[in-house]
$ cat input.cif   # mmCIF, C-alpha atoms and all ligand atoms
data_data
#
loop_
_atom_site.label_atom_id
_atom_site.label_comp_id
_atom_site.auth_asym_id
_atom_site.auth_seq_id
_atom_site.Cartn_x
_atom_site.Cartn_y
_atom_site.Cartn_z
CA MET O 14 0.00 0.00 0.00
CA ASN O 15 1.17 3.55 -0.74
CA LYS O 16 2.36 5.63 2.20
CA ILE O 17 -0.39 7.54 3.99
CA HIS O 18 0.16 11.28 4.08
CA ALA O 19 -1.89 13.75 6.11
CA ALA O 20 -3.55 16.04 3.59
CA ILE O 21 -5.24 19.33 4.37
CA THR O 22 -8.73 18.82 2.93
CA ALA O 23 -10.37 22.01 4.20
CA VAL O 24 -9.30 25.31 5.71
CA ASN O 25 -11.20 28.18 7.22
CA GLY O 26 -10.54 31.24 9.33
CA TYR O 27 -12.19 33.85 11.45
CA VAL O 28 -11.18 37.33 12.56
CA PRO O 29 -13.32 39.51 14.83
CA ASP O 30 -14.97 42.61 13.40
CA TYR O 31 -13.25 45.34 15.44
CA VAL O 32 -10.36 46.94 13.53
CA LEU O 33 -7.67 48.56 15.69
CA THR O 34 -5.75 50.82 13.33
CA ASN O 35 -2.31 52.37 13.77
CA HIS O 36 -4.05 55.72 13.94
CA GLU O 37 -6.20 54.58 16.89
CA LEU O 38 -3.04 53.28 18.61
CA GLU O 39 -1.55 56.77 18.19
CA THR O 40 -4.28 57.97 20.57
CA ILE O 41 -3.45 55.28 23.16
CA VAL O 42 0.38 55.15 23.30
CA ASP O 43 3.28 57.27 22.10
CA THR O 44 3.63 55.83 18.62
CA ASN O 45 2.88 56.69 15.03
CA ASP O 46 1.73 55.02 11.85
CA GLU O 47 5.04 55.65 10.09
CA TRP O 48 7.09 53.91 12.82
CA ILE O 49 4.77 50.90 13.04
CA THR O 50 4.53 50.49 9.27
CA SER O 51 8.24 50.80 8.57
CA ARG O 52 9.37 48.61 11.52
CA THR O 53 6.71 45.88 11.26
CA GLY O 54 4.59 46.20 8.10
CA ILE O 55 1.42 46.32 10.22
CA LYS O 56 -1.37 48.82 9.48
CA GLU O 57 -4.21 47.35 11.53
CA ARG O 58 -5.20 44.35 13.63
CA ARG O 59 -8.48 42.78 14.77
CA ILE O 60 -9.64 42.74 18.39
CA LEU O 61 -12.28 40.51 19.96
CA LYS O 62 -14.47 42.88 21.94
CA GLY O 63 -17.23 41.93 24.35
CA GLU O 64 -17.63 40.43 27.80
CA GLY O 65 -17.24 36.70 28.22
CA LEU O 66 -15.65 36.05 24.85
CA ALA O 67 -12.49 33.96 24.64
CA THR O 68 -10.19 32.19 22.19
CA SER O 69 -12.71 29.36 21.71
CA ASP O 70 -15.20 31.96 20.45
CA LEU O 71 -12.78 32.79 17.64
CA ALA O 72 -12.49 29.08 16.84
CA VAL O 73 -16.21 28.26 16.73
CA PRO O 74 -17.01 30.23 13.54
CA ALA O 75 -13.71 29.15 11.95
CA VAL O 76 -14.42 25.46 12.56
CA GLU O 77 -18.15 25.59 11.81
CA GLY O 78 -17.34 27.20 8.47
CA LEU O 79 -14.70 24.55 7.81
CA LEU O 80 -17.12 21.68 8.49
CA LYS O 81 -19.67 23.25 6.16
CA LYS O 82 -17.08 23.65 3.41
CA ARG O 83 -16.03 20.01 3.73
CA GLY O 84 -19.62 18.81 4.07
CA ILE O 85 -19.10 16.89 7.30
CA THR O 86 -20.61 17.10 10.77
CA ALA O 87 -18.79 17.84 14.02
CA ASP O 88 -19.34 14.34 15.35
CA GLU O 89 -17.12 12.97 12.57
CA ILE O 90 -14.07 14.74 14.07
CA GLU O 91 -11.87 12.26 15.95
CA LEU O 92 -9.18 14.53 17.37
CA ILE O 93 -8.84 18.28 17.99
CA ILE O 94 -5.41 19.81 18.50
CA PHE O 95 -5.90 23.38 19.65
CA CYS O 96 -2.70 25.40 19.27
CA THR O 97 -2.94 28.45 21.47
CA THR O 98 -1.01 30.64 23.88
CA THR O 99 -4.19 32.24 25.23
CA PRO O 100 -6.37 29.31 26.28
CA ASP O 101 -9.84 30.16 27.61
CA MET O 102 -8.64 28.96 31.03
CA PRO O 103 -5.40 27.40 32.33
CA PHE O 104 -7.40 24.17 32.41
CA PRO O 105 -9.31 22.37 31.02
CA ALA O 106 -7.97 22.48 27.48
CA THR O 107 -9.60 24.87 25.03
CA ALA O 108 -9.84 21.86 22.69
CA ASN O 109 -12.43 20.45 25.10
CA VAL O 110 -14.31 23.73 25.29
CA LEU O 111 -14.38 23.93 21.50
CA ALA O 112 -15.51 20.29 21.16
CA ASP O 113 -18.41 21.04 23.48
CA LYS O 114 -19.37 24.27 21.72
CA ILE O 115 -19.41 22.74 18.22
CA GLY O 116 -20.83 19.37 19.27
CA ALA O 117 -17.77 17.25 18.43
CA LYS O 118 -19.01 14.49 20.73
CA ASN O 119 -16.69 11.78 19.44
CA ALA O 120 -13.46 13.78 19.56
CA TRP O 121 -10.69 13.74 22.09
CA GLY O 122 -8.33 16.67 22.15
CA TYR O 123 -5.66 18.70 23.80
CA ASP O 124 -4.03 22.11 23.67
CA LEU O 125 -0.59 22.59 22.24
CA GLN O 126 1.56 25.42 23.53
CA ALA O 127 4.50 26.43 21.39
CA ALA O 128 3.80 30.17 21.14
CA CYS O 129 4.04 31.46 17.56
CA SER O 130 5.29 28.09 16.25
CA GLY O 131 2.24 26.34 17.71
CA PHE O 132 0.40 25.78 14.45
CA ILE O 133 3.49 24.27 12.80
CA PHE O 134 4.03 21.96 15.78
CA GLY O 135 0.32 21.10 15.83
CA LEU O 136 0.19 20.33 12.12
CA ALA O 137 3.25 18.09 12.40
CA THR O 138 1.75 16.34 15.43
CA GLY O 139 -1.70 15.94 13.91
CA ALA O 140 -0.14 14.47 10.77
CA GLN O 141 1.35 11.65 12.85
CA PHE O 142 -2.11 10.46 13.92
CA ILE O 143 -3.17 10.31 10.26
CA GLU O 144 0.05 8.71 8.97
CA SER O 145 -0.08 6.01 11.65
CA GLY O 146 -3.63 5.10 10.66
CA LYS O 147 -4.92 5.90 14.12
CA HIS O 148 -7.31 8.63 12.95
CA THR O 149 -8.91 9.75 9.69
CA LYS O 150 -10.23 13.20 10.63
CA VAL O 151 -8.01 15.46 12.71
CA LEU O 152 -8.77 19.13 13.28
CA VAL O 153 -5.77 21.39 13.86
CA VAL O 154 -6.82 24.80 15.16
CA GLY O 155 -4.49 27.77 15.63
CA GLY O 156 -5.89 30.80 17.37
CA ASP O 157 -5.30 33.43 19.98
CA LYS O 158 -7.05 36.26 21.71
CA MET O 159 -3.74 38.08 22.10
CA SER O 160 -5.55 41.21 23.29
CA SER O 161 -6.20 39.33 26.57
CA ILE O 162 -2.46 39.34 27.44
CA ILE O 163 -1.35 42.61 25.86
CA ASN O 164 -0.58 45.73 27.85
CA TYR O 165 -2.00 48.62 25.85
CA GLN O 166 0.37 50.96 27.69
CA ASP O 167 3.42 49.12 26.30
CA ARG O 168 4.07 50.53 22.84
CA ALA O 169 6.69 47.89 22.05
CA THR O 170 4.18 45.01 22.17
CA CYS O 171 0.68 46.45 21.74
CA ILE O 172 1.34 47.55 18.17
CA ILE O 173 2.26 44.03 17.05
CA PHE O 174 -0.42 41.63 18.19
CA GLY O 175 -4.00 40.94 17.13
CA ASP O 176 -6.76 38.37 17.57
CA GLY O 177 -7.69 35.68 15.06
CA CYS O 178 -8.05 31.98 14.42
CA GLY O 179 -7.72 29.48 11.60
CA ALA O 180 -8.30 25.76 11.31
CA VAL O 181 -7.46 22.93 8.94
CA LEU O 182 -8.84 19.42 8.58
CA LEU O 183 -6.35 16.60 8.07
CA GLU O 184 -7.38 13.40 6.28
CA PRO O 185 -5.42 10.47 4.86
CA ASN O 186 -4.13 10.66 1.30
CA THR O 187 -2.31 7.86 -0.53
CA GLU O 188 -1.54 9.81 -3.72
CA GLY O 189 1.42 11.70 -2.31
CA TYR O 190 -0.40 14.90 -1.27
CA GLY O 191 -0.23 16.36 2.21
CA VAL O 192 2.44 16.92 4.83
CA ILE O 193 5.69 15.56 3.39
CA ASP O 194 8.32 16.68 5.90
CA SER O 195 8.90 18.88 8.91
CA VAL O 196 11.84 20.34 10.83
CA LEU O 197 10.92 21.33 14.39
CA LYS O 198 13.20 22.97 16.94
CA SER O 199 13.19 24.56 20.36
CA ASP O 200 15.66 26.22 22.72
CA GLY O 201 14.33 26.90 26.19
CA SER O 202 17.11 29.32 27.02
CA GLY O 203 15.26 31.79 24.80
CA ARG O 204 12.42 31.99 27.32
CA ALA O 205 14.14 34.97 28.92
CA PHE O 206 13.31 37.19 25.96
CA LEU O 207 9.62 36.41 25.37
CA HIS O 208 7.27 35.19 28.08
CA GLN O 209 4.44 35.94 30.48
CA LYS O 210 5.96 36.30 33.92
CA ALA O 211 3.00 35.51 36.17
CA GLY O 212 -0.06 33.32 36.21
CA GLY O 213 1.80 30.01 36.05
CA SER O 214 3.04 27.79 38.86
CA LEU O 215 6.27 29.80 39.06
CA LYS O 216 4.42 32.97 40.00
CA PRO O 217 0.73 32.51 40.73
CA ALA O 218 -1.47 35.58 40.51
CA THR O 219 -1.26 38.03 43.42
CA HIS O 220 -2.14 41.69 43.80
CA GLU O 221 1.57 42.40 43.34
CA THR O 222 1.85 40.49 40.05
CA ILE O 223 -1.14 42.39 38.73
CA ASP O 224 0.23 45.75 39.86
CA ALA O 225 3.55 44.93 38.20
CA ASN O 226 1.82 44.13 34.85
CA GLU O 227 3.24 40.61 34.96
CA HIS O 228 0.21 38.96 33.38
CA PHE O 229 0.97 40.59 30.05
CA ALA O 230 3.27 39.38 27.27
CA TYR O 231 6.83 40.50 27.90
CA GLN O 232 9.14 40.77 24.89
CA GLU O 233 12.67 42.01 24.36
CA GLY O 234 11.98 42.85 20.76
CA GLN O 235 15.50 43.29 19.43
CA ALA O 236 16.76 40.02 20.94
CA VAL O 237 13.78 38.10 19.61
CA PHE O 238 14.17 39.75 16.22
CA LYS O 239 17.81 38.64 16.01
CA PHE O 240 16.97 34.99 16.66
CA ALA O 241 13.80 35.02 14.56
CA VAL O 242 15.33 36.55 11.50
CA THR O 243 18.04 33.89 11.18
CA ASN O 244 16.29 30.82 12.57
CA MET O 245 13.03 31.09 10.64
CA ALA O 246 14.95 31.56 7.42
CA ASP O 247 17.40 28.74 8.22
CA VAL O 248 14.72 26.21 9.09
CA ALA O 249 12.76 26.94 5.90
CA ALA O 250 15.97 26.53 3.89
CA GLU O 251 16.76 23.29 5.75
CA VAL O 252 13.44 21.61 4.92
CA MET O 253 13.85 22.66 1.28
CA GLU O 254 17.42 21.33 1.02
CA ARG O 255 16.47 18.06 2.70
CA ASN O 256 13.76 17.53 0.09
CA GLU O 257 15.93 18.73 -2.81
CA LEU O 258 13.65 21.66 -3.52
CA ASN O 259 14.89 24.88 -5.03
CA SER O 260 13.03 28.16 -5.10
CA ASP O 261 11.46 27.40 -8.48
CA ASP O 262 9.86 24.27 -7.04
CA ILE O 263 8.01 26.29 -4.40
CA ALA O 264 4.54 27.57 -5.28
CA TRP O 265 3.98 29.38 -1.98
CA LEU O 266 5.98 30.40 1.07
CA VAL O 267 3.71 30.73 4.10
CA PRO O 268 5.63 32.52 6.85
CA HIS O 269 4.50 33.32 10.37
CA GLN O 270 3.40 36.97 10.35
CA ALA O 271 5.48 38.55 13.13
CA ASN O 272 7.30 41.28 11.29
CA LYS O 273 7.49 42.07 7.57
CA ARG O 274 11.28 42.36 7.87
CA ILE O 275 11.52 38.77 9.20
CA ILE O 276 9.26 37.57 6.38
CA ASP O 277 11.46 39.32 3.80
CA ALA O 278 14.60 37.75 5.27
CA THR O 279 13.03 34.29 5.02
CA ALA O 280 12.01 34.93 1.43
CA ASN O 281 15.54 36.10 0.56
CA ARG O 282 17.20 33.12 2.25
CA THR O 283 14.98 30.61 0.43
CA GLY O 284 15.14 32.50 -2.86
CA VAL O 285 11.35 32.47 -3.19
CA SER O 286 10.19 35.48 -5.19
CA ALA O 287 7.94 38.10 -3.60
CA ASP O 288 4.87 37.12 -5.64
CA LYS O 289 4.90 33.67 -3.99
CA VAL O 290 5.19 34.91 -0.42
CA ILE O 291 1.91 35.04 1.46
CA ILE O 292 1.60 38.20 3.54
CA ASN O 293 -1.43 39.56 5.38
CA ILE O 294 0.40 41.09 8.36
CA GLU O 295 -0.68 44.59 7.31
CA ARG O 296 -4.32 43.68 8.10
CA TYR O 297 -4.06 41.32 11.07
CA GLY O 298 -0.70 41.90 12.78
CA ASN O 299 0.69 38.94 14.70
CA THR O 300 -2.13 36.62 15.73
CA THR O 301 0.43 34.14 17.18
CA ASN O 302 -1.04 30.66 16.49
CA GLY O 303 -3.49 32.12 14.00
CA THR O 304 -1.12 33.58 11.42
CA ILE O 305 -0.38 30.56 9.23
CA PRO O 306 -3.88 29.05 9.05
CA LEU O 307 -5.29 32.53 8.36
CA CYS O 308 -2.84 32.84 5.45
CA LEU O 309 -3.88 29.41 4.12
CA TRP O 310 -7.54 30.42 4.42
CA GLU O 311 -7.11 33.70 2.57
CA TRP O 312 -4.99 32.23 -0.24
CA GLU O 313 -6.91 28.93 -0.57
CA SER O 314 -8.56 29.92 -3.85
CA LYS O 315 -5.13 30.53 -5.43
CA PHE O 316 -3.69 27.13 -4.47
CA LYS O 317 -3.63 24.35 -7.04
CA LYS O 318 -3.52 20.60 -6.43
CA GLY O 319 0.12 19.57 -6.20
CA ASP O 320 1.45 23.02 -5.25
CA ASN O 321 4.52 22.80 -3.00
CA LEU O 322 4.04 24.93 0.12
CA ILE O 323 6.70 25.79 2.69
CA LEU O 324 5.34 26.89 6.06
CA ALA O 325 7.74 28.47 8.57
CA ALA O 326 7.45 30.02 12.01
CA PHE O 327 9.46 31.32 14.94
CA GLY O 328 8.16 32.12 18.40
CA GLY O 329 8.53 32.28 22.14
CA GLY O 330 10.24 29.44 23.87
CA PHE O 331 12.18 29.78 21.64
CA THR O 332 10.43 27.50 19.19
CA TRP O 333 10.77 27.36 15.43
CA GLY O 334 9.99 25.04 12.59
CA SER O 335 9.10 24.51 8.98
CA ILE O 336 6.78 22.16 7.10
CA TYR O 337 6.85 21.06 3.49
CA LEU O 338 3.45 20.06 2.19
CA LYS O 339 1.84 19.32 -1.16
CA TRP O 340 -1.57 20.95 -1.50
CA ALA O 341 -4.20 18.26 -2.04
CA TYR O 342 -7.07 20.00 -3.84
O1 LIG O 401 6.04 36.25 16.85
C1 LIG O 401 6.81 35.94 17.96
C2 LIG O 401 8.19 36.39 17.80
N1 LIG O 401 8.27 37.84 17.86
C3 LIG O 401 8.93 38.50 16.92
O2 LIG O 401 9.37 37.94 15.97
C4 LIG O 401 9.13 39.99 17.13
C5 LIG O 401 10.57 40.36 16.86
N2 LIG O 401 10.87 41.75 17.11
C6 LIG O 401 10.42 42.76 16.35
O3 LIG O 401 9.65 42.55 15.43
C7 LIG O 401 10.97 44.14 16.61
O4 LIG O 401 12.03 44.05 17.52
C8 LIG O 401 9.91 45.13 17.16
C9 LIG O 401 8.88 45.46 16.09
C10 LIG O 401 9.23 44.56 18.38
C11 LIG O 401 10.60 46.45 17.55
O5 LIG O 401 11.30 46.97 16.43
P1 LIG O 401 12.83 47.37 16.57
O6 LIG O 401 13.23 47.87 15.25
O7 LIG O 401 13.59 46.19 17.12
O8 LIG O 401 12.78 48.56 17.58
P2 LIG O 401 13.56 48.71 18.97
O9 LIG O 401 12.92 47.89 20.01
O10 LIG O 401 15.02 48.56 18.71
O11 LIG O 401 13.27 50.23 19.28
C12 LIG O 401 13.83 51.29 18.49
C13 LIG O 401 13.31 52.62 19.00
C14 LIG O 401 13.47 52.79 20.50
O12 LIG O 401 13.72 54.14 20.77
P3 LIG O 401 15.21 54.65 21.05
O13 LIG O 401 15.67 53.89 22.27
O14 LIG O 401 16.01 54.31 19.83
O15 LIG O 401 15.03 56.12 21.30
C15 LIG O 401 12.11 52.43 21.04
O16 LIG O 401 11.83 53.04 22.27
O17 LIG O 401 11.92 52.73 18.73
C16 LIG O 401 11.21 52.98 19.95
N3 LIG O 401 9.92 52.34 19.90
C17 LIG O 401 8.84 52.93 19.33
N4 LIG O 401 8.66 54.11 18.75
C18 LIG O 401 7.45 54.40 18.27
C19 LIG O 401 9.56 51.10 20.33
N5 LIG O 401 8.27 50.87 20.07
C20 LIG O 401 7.80 51.98 19.45
C21 LIG O 401 6.54 52.33 18.93
N6 LIG O 401 6.41 53.54 18.34
N7 LIG O 401 5.48 51.52 18.97
#
$ encode --input "input.cif" --output "structure tokens" --more "lines below"
Ligand code: UT7
Amino acid sequence: MNKIHAAITAVNGYVPDYVLTNHELETIVDTNDEWITSRTGIKERRILKGEGLATSDLAVPAVEGLLKKRGITADEIELIIFCTTTPDMPFPATANVLADKIGAKNAWGYDLQAACSGFIFGLATGAQFIESGKHTKVLVVGGDKMSSIINYQDRATCIIFGDGCGAVLLEPNTEGYGVIDSVLKSDGSGRAFLHQKAGGSLKPATHETIDANEHFAYQEGQAVFKFAVTNMADVAAEVMERNELNSDDIAWLVPHQANKRIIDATANRTGVSADKVIINIERYGNTTNGTIPLCLWEWESKFKKGDNLILAAFGGGFTWGSIYLKWAY
């Protein structure tokens, strides 16, 4: 029998309605549109407004739309991997919350935490359950309500992040389409530069941690930039070399949307021309686990069966990775 690959058979995304523009940020912190645009490429980002709404509420419309597109019901889903850095609650897993909200009664699931590389790690992990024959319908969700951990007094982080969610369905394919290879890496010493100080077992919430703004994302931007700009490019190049792919073989480069300058460096390193690089950072900013599936969702109509896609990400942890996949439809 031919090898089973995990093919993406449907993709969908969801971003909340509220648009937080650079100009609105100018009224909140000491920043300006010119600085944000030239340093990051971001013009606006989406924010989930409203009481009682969480990351799972971004996922519900994304997944319900996906199921409709694929023509299946929620109870056919066997496994949900929810890649997120902003779970609804520390426990239980947001995968369980989502399963309940959409009626995926036959699914088991778990959350995967790898910061901005989460979707890449989740896709690689989900693919294993398909390739092994264990499951035939795996949902990989990547989404974050980043606005829940952003300090809107900190101009170095609040201009970057936004809220959004995307999801893909993985199913077996024996014709050679789907996830072909992945390179996944982490280096925990990088945790010093990008983390959330309090709210975990190291520093449970107290009045002091709240007063010290320690429940927000903390980032040393320049240090993270230095690692991201080389490692994301290197890992994308590594997966291409390993599979004997040159830039002409690549139909689409799908980079994590953290900073336009990091995306450009990855494109240069891999030799992929600008017209094949998927970029929507100007409209959504960095949605952490949401960036790559949102790109797949928005470019889906341009993909052709057999297109070679290179996905690449870098994030807190540090974590980074790249996936080579052949588009299946
Ligand atoms: O997705 C997860 C991984 N994360 C990343 O990949 C993010 C990587 N880092 C970055 O993208 C960039 O480091 C940032 C966009 C966060 C910052 O850009 P930068 O070019 O590294 O700026 P910087 O931190 O070196 O700051 C340069 C100057 C500083 O002023 P001085 O000290 O030179 O006077 C900052 O205070 O820009 C100032 N600055 C701002 N000015 C206007 C910082 N933030 C702002 C702002 N508006 N929002």
$ residues_around --input "input.cif" --residues "region 189-205 of chain O" --least-positions-apart "5" --cutoff "7 Å" --atoms "all atoms listed in the file" --output "number ranges by chain"
O: 18-21, 137, 140, 248, 252, 319, 329-341
$ closest_atom_pairs --input "input.cif" --of "region 313-333 of chain O" --to "region 283-306 of chain O" --cutoff "12 Å" --atoms "all atoms listed in the file" --output "tab-separated table"
residue	atom	partner	partner_atom	distance
O:Glu313	CA	O:Pro306	CA	10.1
O:Lys315	CA	O:Lys289	CA	10.6
O:Phe316	CA	O:Lys289	CA	10.8
O:Asp320	CA	O:Lys289	CA	11.3
O:Asn321	CA	O:Lys289	CA	10.9
O:Leu322	CA	O:Lys289	CA	9.7
O:Ile323	CA	O:Val290	CA	9.8
O:Leu324	CA	O:Ile305	CA	7.5
O:Ala325	CA	O:Ile305	CA	8.4
O:Ala326	CA	O:Ile305	CA	8.3
O:Phe327	CA	O:Thr301	CA	9.7
O:Gly328	CA	O:Thr301	CA	8.1
O:Gly329	CA	O:Thr301	CA	9.7
$ residues_near_ligand --input "input.cif" --ligand "ligand LIG 401 (chain O)" --cutoff "9 Å" --atoms "only C-alpha atoms and all ligand atoms" --output "NGL selection string"
:O and (38-39 or 42-49 or 51-53 or 128-130 or 167-174 or 207 or 232-242 or 269-275 or 299-301 or 326-329 or 331)
$ closest_residue --input "input.cif" --among "O:Thr279, O:Lys114, O:Tyr165, O:Gly177" --to "Tyr31 (chain O)" --atoms "only C-alpha atoms"
O:Gly177
$ closest_residue --input "input.cif" --among "O:Phe95, O:Pro103, O:Lys210, O:Ala87" --to "Val154 (chain O)" --atoms "only C-alpha atoms"
O:Phe95
$ atom_distance --input "input.cif" --atom1 "CA of Asn109 (chain O)" --atom2 "CA of Thr219 (chain O)"
27.7 Å
$ atom_distance --input "input.cif" --atom1 "CA of Thr149 (chain O)" --atom2 "CA of Ile17 (chain O)"
10.5 Å
$ atom_distance --input "input.cif" --atom1 "CA of Leu215 (chain O)" --atom2 "CA of Asp101 (chain O)"
19.8 Å
$ residues_around --input "input.cif" --residues "Asp124 (chain O)" --least-positions-apart "2" --cutoff "9 Å" --atoms "only C-alpha atoms" --output "number ranges by chain"
O: 93-97, 100, 106-109, 122, 126
$ closest_residue --input "input.cif" --among "O:Gly116, O:Gly26, O:Gly213, O:Gly131" --to "Leu71 (chain O)" --atoms "only C-alpha atoms"
O:Gly26
$ axis_aligned_box --input "input.cif" --around "region 284-293 of chain O" --padding-each-side "3 Å" --output "lines of an AutoDock Vina configuration file"
center_x = 6.9
center_y = 36.0
center_z = -0.1
size_x = 22.6
size_y = 13.1
size_z = 17.0
$ residues_around --input "input.cif" --residues "Ala117 (chain O)" --least-positions-apart "3" --cutoff "10 Å" --atoms "only C-alpha atoms" --output "ChimeraX atom specification"
/O:86-93,109,111-114,120-121
$ residues_near_point --input "input.cif" --point "(-3.2, 33.0, 27.2)" --cutoff "10 Å" --atoms "only C-alpha atoms" --output "list of chain:residue names"
O:Ala67, O:Thr68, O:Thr97, O:Thr98, O:Thr99, O:Pro100, O:Asp101, O:Met102, O:Pro103, O:Gln126, O:Ala128, O:Asp157, O:Lys158, O:Met159, O:Ser160, O:Ser161, O:Ile162, O:Ile163, O:Gln209, O:Gly212, O:His228, O:Phe229, O:Ala230
$ closest_residue --input "input.cif" --among "O:Pro185, O:Pro217, O:Gly175, O:Pro268" --to "Arg58 (chain O)" --atoms "only C-alpha atoms"
O:Gly175
$ closest_residue --input "input.cif" --among "O:Leu33, O:Leu66, O:Val110, O:Ala180" --to "Leu307 (chain O)" --atoms "all atoms listed in the file"
O:Ala180
$ closest_residue --input "input.cif" --among "O:Ile55, O:Leu183, O:Ala225, O:Ala211" --to "Glu144 (chain O)" --atoms "only C-alpha atoms"
O:Leu183
